[in-house]
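Below: the structure, in structure tokens.
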Amino acid sequence: MKRTRNFNAGPAALPLEVLQRAQNEWLNIEDSGMSVMELSHRSAEFEKIHNRAIQSLKELMDIPENYEVLLLQGGASLQFSMIPMNLLPEGKRADYVLTGSWSEKALKEAKKVGETAVVASSKDDKYTFIPKVEDIKLNEDAAYLHITSNNTIYGTQWKSFPETGRVPLVADMSSDILSKKIDVSKFGIIYAGAQKNLGPSGITVVIIRKDLITDIDSIPSMLNYSIHAKNNSLYNTPPTLAIYLLSLVLEWAKEQGGVGKIAENNEEKAKVIYAAIDGSDGFYKGHAQPDSRSFMNITFTLPSQEAESQFLKEVKQAGFVGLNGHRSIGGCRASIYNAVPLSHCQDLADFMKKFQEAYKAKEAQILNFKKNSLLKK
């Protein structure tokens with residue numbers, strides 16, 4: 001069976017073992033005689049799958065008892081609105097750190113709800129770095145501080161998180177949740193679209209401290225954390241297939257040795273590709289400053305637009321997909337989420353080295369031809 005080497009930024013690679021298990025259970029889940037897509041979301045069979053997904057996430061991330069795990073819809077983008085609607089009362093302000101396009105979009109939605117402030121930003125430097133924790137000008141009375149833990153478009157990632165005291169720290173972890181160990185107790189809310197490290201698109205995980213869940217009658221029920229918490233995320237029909245696949249991915253993560261082992265593997269994968277960039281004598285140039293480099297999304301450029309176009313053409317022909325940079329900035333990007341094997345990263349690094357050698361050799365050949373032509377004249 002043909003399987004491509006998938007470096008898509010999201011929806012992204014899923015573990016082969018998960019896909020194979022889903023295939024085996026496709027027509028008969030939990031001995032029900034039905035596909036998971038046919039189960040009632042109120043059935044005992046689906047309730048078991050649903051609760052297993054929540055419990056597995058709690059175990060993998062060591063989520064404390066005073067946190068609720070919600071499985072919602074609308075992607076991380078809907079959380080840009082839900083968070084201020086639930087956490088930003090009149091008379092308070094929400095603080096935001098800008099590190100890329102997604103944090104900009106989160107801020108844009110929050111501004112529609114209430115008062116906001118940008119307390120740190122790397123925008124003036126084209127988002128090549130994560131601001132230092134000590135440079136964040138946090139309002140001690142802020143409703144919350146919002147960060148984006150990993151920036152898929154620019155290839156930067158927080159290596160440590162700010163201490164916010166009484167101010168809840170809210171993090172969009174869509175692209176690096178479950179990729180490394182974190183202390184959940186430092187956060188008020190962690191949210192993530194599933195389509196990178198957790199499963200397919202269509203499901204959003206929200207991990208929220210219970211004291212931040214309050215009854216607010218003035219907002220729509222579907223946007224109210226309290227409604228979803230009271231109903232175990234089953235207030236309306238959930239994306240049952242996505243939750244089932246989420247549960248399988250979480251079981252797979254346990255089988256890999258948990259988050260600690262996955263983090264080691266992710267670091268090794270990133271080192272392999274960054275070594276190809278750093279050892280290229282400037283042929284490949286990383287976008288992110290070294291101390292802010294992402295272990296999930298590796299962004300880089302080549303010496304010219306012509307070289308990039310040729311690279312992207314040949315790398316696709318060689319069986320790699322998803323290496324185009326985001327349409328807003330161009331360049332190249334390798335997304336190496338949890339399910340991407342180390343061997344695929346090694347294959348990519350080898351291809352990068354061979355392409356560089358061939359391209360330089362071709363350039364030298366063209367240069368020599370031009371010199372000889374001039375001499376003949």
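So you can find residues: chains in the structure tokens are A, B, ... in the order shown, residues in each start at 1, and ligands are numbered from 1 in order.
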
List the neighbours of A:Ala76 out to 8 Å using only C-alpha atoms; skip same-chain residues closer than 3 positions along the sequence, and give me the result as a PyMOL selection string. chain A and resi 79-80+172+174+191-193+204

Store the residues of this selection in a file with N, CA, C and O atoms, as a PDB file, in the first residue's frame.
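The resulting file, out.pdb, is shown below:
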```pdb
ATOM      1  N   GLN A  79     -12.932  29.459  19.499  1.00  0.00           N
ATOM      2  CA  GLN A  79     -12.457  29.798  20.838  1.00  0.00           C
ATOM      3  C   GLN A  79     -11.958  31.231  20.931  1.00  0.00           C
ATOM      4  O   GLN A  79     -11.963  31.833  22.011  1.00  0.00           O
ATOM      5  N   PHE A  80     -11.534  31.792  19.789  1.00  0.00           N
ATOM      6  CA  PHE A  80     -11.124  33.202  19.792  1.00  0.00           C
ATOM      7  C   PHE A  80     -12.259  34.089  20.309  1.00  0.00           C
ATOM      8  O   PHE A  80     -12.009  35.128  20.921  1.00  0.00           O
ATOM      9  N   ASP A 172      -3.525  28.978  23.179  1.00  0.00           N
ATOM     10  CA  ASP A 172      -3.905  28.228  21.982  1.00  0.00           C
ATOM     11  C   ASP A 172      -2.762  27.258  21.700  1.00  0.00           C
ATOM     12  O   ASP A 172      -1.680  27.657  21.265  1.00  0.00           O
ATOM     13  N   SER A 174      -3.026  24.569  19.612  1.00  0.00           N
ATOM     14  CA  SER A 174      -3.509  23.741  18.514  1.00  0.00           C
ATOM     15  C   SER A 174      -2.406  22.929  17.851  1.00  0.00           C
ATOM     16  O   SER A 174      -2.621  21.786  17.449  1.00  0.00           O
ATOM     17  N   TYR A 191      -6.544  25.379  24.843  1.00  0.00           N
ATOM     18  CA  TYR A 191      -7.460  24.907  23.808  1.00  0.00           C
ATOM     19  C   TYR A 191      -6.683  24.516  22.565  1.00  0.00           C
ATOM     20  O   TYR A 191      -5.571  25.007  22.323  1.00  0.00           O
ATOM     21  N   ALA A 192      -7.261  23.601  21.780  1.00  0.00           N
ATOM     22  CA  ALA A 192      -6.534  23.098  20.616  1.00  0.00           C
ATOM     23  C   ALA A 192      -7.478  22.480  19.600  1.00  0.00           C
ATOM     24  O   ALA A 192      -8.296  21.629  19.955  1.00  0.00           O
ATOM     25  N   GLY A 193      -7.360  22.910  18.352  1.00  0.00           N
ATOM     26  CA  GLY A 193      -7.980  22.169  17.265  1.00  0.00           C
ATOM     27  C   GLY A 193      -7.250  20.842  17.147  1.00  0.00           C
ATOM     28  O   GLY A 193      -6.034  20.780  17.287  1.00  0.00           O
ATOM     29  N   THR A 204     -12.531  20.103  18.818  1.00  0.00           N
ATOM     30  CA  THR A 204     -11.666  21.041  19.531  1.00  0.00           C
ATOM     31  C   THR A 204     -11.643  20.670  21.004  1.00  0.00           C
ATOM     32  O   THR A 204     -12.699  20.504  21.618  1.00  0.00           O
TER      33      THR A 204
END
```

Pick out each residue of stretch 169-208 of chain A that DSSP on the backbone tags as strand (DSSP E); I need them as a ChimeraX atom specification. /A:169-172,189-193,204-208

Taking only C-alpha atoms into account, produce a table as a tab-separated table in which each residue of stretch 47-72 of chain A with an atom at most 10 Å from an atom of stretch 251-266 of chain A appears once, together with its shortest atom pair and the distance in Å to one decimal, ordered by chain and rising number.
```
residue	atom	partner	partner_atom	distance
A:Arg52	CA	A:Glu251	CA	9.2
A:Ala53	CA	A:Glu251	CA	8.4
A:Ser56	CA	A:Glu251	CA	7.0
A:Leu57	CA	A:Glu251	CA	9.2
A:Glu59	CA	A:Lys254	CA	9.0
A:Leu60	CA	A:Gly258	CA	6.3
A:Met61	CA	A:Val259	CA	7.4
```

I'd like the contact shell of A:Ala13 - 7 Å cut-off, only C-alpha atoms, skipping same-chain residues fewer than 2 positions apart - returned as a PDB file with N, CA and C atoms, in the first residue's frame.
```pdb
ATOM      1  N   ASN A   6       4.108  12.589   4.644  1.00  0.00           N
ATOM      2  CA  ASN A   6       3.152  13.689   4.813  1.00  0.00           C
ATOM      3  C   ASN A   6       3.684  14.734   5.791  1.00  0.00           C
ATOM      4  N   PRO A  15      -1.406   8.640  12.863  1.00  0.00           N
ATOM      5  CA  PRO A  15      -0.633   7.400  13.008  1.00  0.00           C
ATOM      6  C   PRO A  15      -1.232   6.284  12.156  1.00  0.00           C
ATOM      7  N   ALA A 339       2.700  12.266  14.725  1.00  0.00           N
ATOM      8  CA  ALA A 339       2.516  11.063  13.910  1.00  0.00           C
ATOM      9  C   ALA A 339       3.518  10.950  12.768  1.00  0.00           C
ATOM     10  N   VAL A 340       4.310  11.993  12.522  1.00  0.00           N
ATOM     11  CA  VAL A 340       5.307  11.934  11.445  1.00  0.00           C
ATOM     12  C   VAL A 340       6.504  11.117  11.926  1.00  0.00           C
TER      13      VAL A 340
END
```

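The closest residue to A:Glu104, picked from A:Arg5, A:Leu169, A:Glu17, A:Tyr127 and counting only C-alpha atoms, is A:Tyr127.
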
Give me, as CSV, each residue of stretch 317-351 of chain A that comes within 10 Å of stretch 280-292 of chain A, together with its shortest interatomic pair and the distance in Å at one decimal, counting only C-alpha atoms, with rows ordered by chain and rising residue number.
```
residue,atom,partner,partner_atom,distance
A:Gly331,CA,A:His287,CA,9.2
A:Cys332,CA,A:Gly286,CA,9.4
A:Arg333,CA,A:Gly286,CA,9.7
```

Just checking: using only C-alpha atoms, which residue out of A:Ser343, A:Ser233, A:Asn139, A:Thr301 ends up closest to A:Val119?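 Between A:Ser343, A:Ser233, A:Asn139, A:Thr301, the residue approaching A:Val119 most closely is A:Asn139.
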
Would you list the contacts of A:Lys132 as a list in words, taking every protein, DNA or RNA residue within 12 Å and counting only C-alpha atoms, but skipping same-chain residues closer than 6 positions in sequence?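 Selected residues are Val97, Thr99, Val119, Ala120, Ser121, Ser122, Gln157, Trp158, Lys159, Ser160, Phe161, Pro162, Glu163, Asp291 and Ser292 of chain A.
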
Between A:Arg21, A:Arg93, A:His146, A:His228, which is the closest to A:Val206 once you count only C-alpha atoms?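 Selected residue with least distance to A:Val206: A:His228.
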
Can you list, as a VMD selection string, every protein, DNA or RNA residue that comes within 12 Å of A:Ala242 when you count only C-alpha atoms, leaving out same-chain residues fewer than 3 positions away? chain A and resid 22 36 to 37 46 49 to 50 53 71 to 73 193 to 195 198 to 205 238 to 239 245 to 249

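Interatomic distance, atom CA of A:Leu342 to atom CA of A:Tyr274: 13.3 Å.
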